[in-house]
Amino acid sequence: MPLLAHGQAKKVLIIGGGDGGMLREVSRHPGVEQITMVEIDAGVVEFCRQYLPNHSAGAYDDPRFKLVIDDGVNFVNQTHETFDVIISDCTDPIGPGESLFTSGVFMKAAPAA
């Protein structure tokens, strides 16, 4: 939906999404030139690549794709990159992932979008 609402997104940031499903959907848009995914757990990506390859449908091998292993909040706070669309594909807003749903993260991310 965010890509359709934007219409001409070139650079997309996915926070979370280590299973590859969101990456698969973003990679279906030929106008997107760069897809950066920030996943806190490299093990999730490795597991899904090996045992659930149909879920990502080869999107991990897309030349536009860049994987960053980092905390999403840390990445948003540290990056100087800008993105046309930022997609949060994270866990529920309770427990360890709770900080990804604070207004501070969205306010920091807003100028980058």
# chains A, B, ... in the order shown; residues from 1 in each chain; ligands from 1
>>> residues_around(residues="Ala9 of chain A", least_positions_apart="4", cutoff="8 Å", atoms="only C-alpha atoms", output="PDB file with C-alpha atoms, in the first residue's frame")
ATOM      1  CA  LEU A   3       4.329   2.082  -2.586  1.00  0.00           C
ATOM      2  CA  GLY A  31      10.381   1.486 -10.588  1.00  0.00           C
ATOM      3  CA  VAL A  32      12.036   0.844  -7.222  1.00  0.00           C
ATOM      4  CA  ASP A  84      10.921   7.687  -0.508  1.00  0.00           C
ATOM      5  CA  VAL A  85       8.959   5.086   1.459  1.00  0.00           C
TER       6      VAL A  85
END
>>> closest_residue(among="A:Ala5, A:Ile86, A:Ile14, A:Ile69", to="Glu39 of chain A", atoms="only C-alpha atoms")
A:Ile69
>>> residues_around(residues="Ile15 of chain A", least_positions_apart="3", cutoff="8 Å", atoms="only C-alpha atoms", output="NGL selection string")
:A and (37-39 or 72 or 86-90)
>>> select_by_dssp(residues="segment 9-79 of chain A", states="strand (DSSP E)", output="JSON, numbers by chain")
{"A": [11, 12, 13, 14, 15, 16, 34, 35, 36, 37, 38, 39, 65, 66, 67, 68, 69]}
>>> write_last_selection(atoms="N, CA and C atoms", output="PDB file, in the first residue's frame")
ATOM      1  N   LYS A  11      13.581   4.700  -3.649  1.00  0.00           N
ATOM      2  CA  LYS A  11      14.336   4.137  -2.532  1.00  0.00           C
ATOM      3  C   LYS A  11      13.375   3.763  -1.413  1.00  0.00           C
ATOM      4  N   VAL A  12      13.419   2.481  -1.025  1.00  0.00           N
ATOM      5  CA  VAL A  12      12.498   1.969  -0.021  1.00  0.00           C
ATOM      6  C   VAL A  12      13.294   1.389   1.144  1.00  0.00           C
ATOM      7  N   LEU A  13      12.873   1.716   2.355  1.00  0.00           N
ATOM      8  CA  LEU A  13      13.435   1.146   3.573  1.00  0.00           C
ATOM      9  C   LEU A  13      12.392   0.241   4.200  1.00  0.00           C
ATOM     10  N   ILE A  14      12.797  -0.992   4.502  1.00  0.00           N
ATOM     11  CA  ILE A  14      11.950  -1.931   5.236  1.00  0.00           C
ATOM     12  C   ILE A  14      12.610  -2.132   6.593  1.00  0.00           C
ATOM     13  N   ILE A  15      11.893  -1.837   7.659  1.00  0.00           N
ATOM     14  CA  ILE A  15      12.389  -2.100   9.007  1.00  0.00           C
ATOM     15  C   ILE A  15      11.748  -3.394   9.463  1.00  0.00           C
ATOM     16  N   GLY A  16      12.585  -4.402   9.739  1.00  0.00           N
ATOM     17  CA  GLY A  16      12.096  -5.737  10.056  1.00  0.00           C
ATOM     18  C   GLY A  16      11.945  -6.518   8.760  1.00  0.00           C
ATOM     19  N   GLN A  34      16.229   0.937  -5.221  1.00  0.00           N
ATOM     20  CA  GLN A  34      17.006   0.478  -4.069  1.00  0.00           C
ATOM     21  C   GLN A  34      16.060   0.033  -2.969  1.00  0.00           C
ATOM     22  N   ILE A  35      16.340  -1.150  -2.407  1.00  0.00           N
ATOM     23  CA  ILE A  35      15.555  -1.674  -1.293  1.00  0.00           C
ATOM     24  C   ILE A  35      16.524  -1.974  -0.160  1.00  0.00           C
ATOM     25  N   THR A  36      16.400  -1.258   0.932  1.00  0.00           N
ATOM     26  CA  THR A  36      17.226  -1.501   2.112  1.00  0.00           C
ATOM     27  C   THR A  36      16.339  -2.115   3.176  1.00  0.00           C
ATOM     28  N   MET A  37      16.771  -3.267   3.698  1.00  0.00           N
ATOM     29  CA  MET A  37      16.027  -3.910   4.773  1.00  0.00           C
ATOM     30  C   MET A  37      16.910  -3.946   6.008  1.00  0.00           C
ATOM     31  N   VAL A  38      16.386  -3.444   7.119  1.00  0.00           N
ATOM     32  CA  VAL A  38      17.106  -3.456   8.385  1.00  0.00           C
ATOM     33  C   VAL A  38      16.444  -4.496   9.279  1.00  0.00           C
ATOM     34  N   GLU A  39      17.178  -5.556   9.562  1.00  0.00           N
ATOM     35  CA  GLU A  39      16.675  -6.665  10.374  1.00  0.00           C
ATOM     36  C   GLU A  39      17.627  -6.843  11.550  1.00  0.00           C
ATOM     37  N   PHE A  65      18.616  -5.036  -3.716  1.00  0.00           N
ATOM     38  CA  PHE A  65      18.448  -5.315  -2.288  1.00  0.00           C
ATOM     39  C   PHE A  65      19.745  -5.162  -1.508  1.00  0.00           C
ATOM     40  N   LYS A  66      19.644  -4.468  -0.369  1.00  0.00           N
ATOM     41  CA  LYS A  66      20.766  -4.347   0.563  1.00  0.00           C
ATOM     42  C   LYS A  66      20.251  -4.703   1.951  1.00  0.00           C
ATOM     43  N   LEU A  67      20.918  -5.654   2.607  1.00  0.00           N
ATOM     44  CA  LEU A  67      20.549  -6.078   3.952  1.00  0.00           C
ATOM     45  C   LEU A  67      21.467  -5.408   4.967  1.00  0.00           C
ATOM     46  N   VAL A  68      20.868  -4.834   5.991  1.00  0.00           N
ATOM     47  CA  VAL A  68      21.609  -4.251   7.103  1.00  0.00           C
ATOM     48  C   VAL A  68      21.160  -4.976   8.367  1.00  0.00           C
ATOM     49  N   ILE A  69      22.117  -5.579   9.080  1.00  0.00           N
ATOM     50  CA  ILE A  69      21.796  -6.223  10.349  1.00  0.00           C
ATOM     51  C   ILE A  69      22.027  -5.187  11.441  1.00  0.00           C
TER      52      ILE A  69
END
>>> closest_residue(among="A:Val76, A:His6, A:Gly20, A:Thr91", to="Phe47 of chain A", atoms="only C-alpha atoms")
A:Gly20
>>> atom_distance(atom1="atom CA of Glu33 of chain A", atom2="atom CA of Arg64 of chain A")
6.0 Å
